[in-house]
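Trainee: Questions regarding the structure given below will be posed in turn.
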Amino acid sequence: MNGADVDAGSTVVPCILTGVEATPAPFALPPGYTAFQGAYGISQTGFCNGQNVPGHTLIDMDGDGKPDLLVTSSCTDKTVDKSRWLLFLNSGSGFAQQPASFALPSGYTEFQGAYGISQTGFCNGQNVPGHTLIDMDGDGKPDLLVTSS
């Protein structure tokens, strides 16, 4: 449908997409995971009930304008969300096959959260800080902002 196909008096709002390829192109994902699925297709809290689905989100971490894959929890690596996140950089045709380590501040039990990048704090003995990723210094790269501890 395009704008010309809408009948006069219709309550249908035309939606015109631009910049979307007619045929999907393959995009390489990192190996070793069962699936990457999630809310809206870009974020997911992890499932470690035999499925090996990591907690992850898509966010540009290096300022190049391409969304990178940030794994925020892992079923096979218990250091992920405790002391580091795994960063798979986007090459434009796929994600890096080996991750870079994104170090997390020490002194907290874990950095978990809704879609991995944002969390309200837990002060019930768990010591999980409230946090989010946002560019605080204008360099085009997100910074980890601890909002409560």
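Going by the structure tokens order, chains are called A, B, ..., each with residues numbered from 1, while ligands are numbered from 1 in the order shown.
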Once DSSP has gone over the backbone, tell me which residues of segment 19-110 of chain A are in strand (DSSP E), as a ChimeraX atom specification.
Mentor: /A:43-44,55-59,68-73,84-88,100-103
Trainee: Need to verify the contact set: segment 138-149 of chain A, 7 Å, only C-alpha atoms, exclusion of same-chain residues closer than 6 positions in sequence. Can you return it as a PyMOL selection string?
Mentor: chain A and resi 60-63+121+127-132
Trainee: Which value, in Å to one decimal, gives the distance between atom CA of Leu58 of chain A and atom CA of Ser83 of chain A?
Mentor: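 Atom CA of Leu58 of chain A sits 19.7 Å away from atom CA of Ser83 of chain A.
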Trainee: Between atom CA of Asn49 of chain A and atom CA of Gly94 of chain A, what is the distance in Å, rounded to a tenth?
Mentor: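 Separation of atom CA of Asn49 of chain A and atom CA of Gly94 of chain A: 27.2 Å.
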Trainee: In Å, rounded to a single decimal, give me how far atom CA of Thr34 of chain A is from atom CA of Gln51 of chain A.
Mentor: 6.1 Å
Trainee: Give me, as a PDB file with N, CA and C atoms, in the first residue's frame, all polymer residues having an atom no more than 8 Å from segment 19-30 of chain A, counting only C-alpha atoms and skipping those fewer than 5 positions away in the same chain.
Mentor:
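To be explicit, this is the file written out as around.pdb:
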```pdb
ATOM      1  N   PHE A  88      30.634  -7.926  20.885  1.00  0.00           N
ATOM      2  CA  PHE A  88      30.899  -8.413  19.531  1.00  0.00           C
ATOM      3  C   PHE A  88      30.691  -7.232  18.589  1.00  0.00           C
ATOM      4  N   SER A  93      28.855  -6.647   7.938  1.00  0.00           N
ATOM      5  CA  SER A  93      28.357  -7.879   7.326  1.00  0.00           C
ATOM      6  C   SER A  93      28.171  -8.986   8.360  1.00  0.00           C
ATOM      7  N   GLY A  94      28.463  -8.684   9.602  1.00  0.00           N
ATOM      8  CA  GLY A  94      28.304  -9.664  10.671  1.00  0.00           C
ATOM      9  C   GLY A  94      28.963  -9.155  11.937  1.00  0.00           C
ATOM     10  N   PHE A  95      28.813  -9.921  12.991  1.00  0.00           N
ATOM     11  CA  PHE A  95      29.453  -9.585  14.256  1.00  0.00           C
ATOM     12  C   PHE A  95      30.763 -10.351  14.368  1.00  0.00           C
ATOM     13  N   ALA A  96      31.709  -9.776  15.078  1.00  0.00           N
ATOM     14  CA  ALA A  96      32.988 -10.441  15.317  1.00  0.00           C
ATOM     15  C   ALA A  96      32.739 -11.832  15.876  1.00  0.00           C
ATOM     16  N   GLN A  97      33.553 -12.768  15.501  1.00  0.00           N
ATOM     17  CA  GLN A  97      33.401 -14.139  15.978  1.00  0.00           C
ATOM     18  C   GLN A  97      33.986 -14.324  17.374  1.00  0.00           C
ATOM     19  N   GLN A  98      34.872 -13.436  17.782  1.00  0.00           N
ATOM     20  CA  GLN A  98      35.443 -13.444  19.131  1.00  0.00           C
ATOM     21  C   GLN A  98      35.114 -12.113  19.800  1.00  0.00           C
TER      22      GLN A  98
END
```
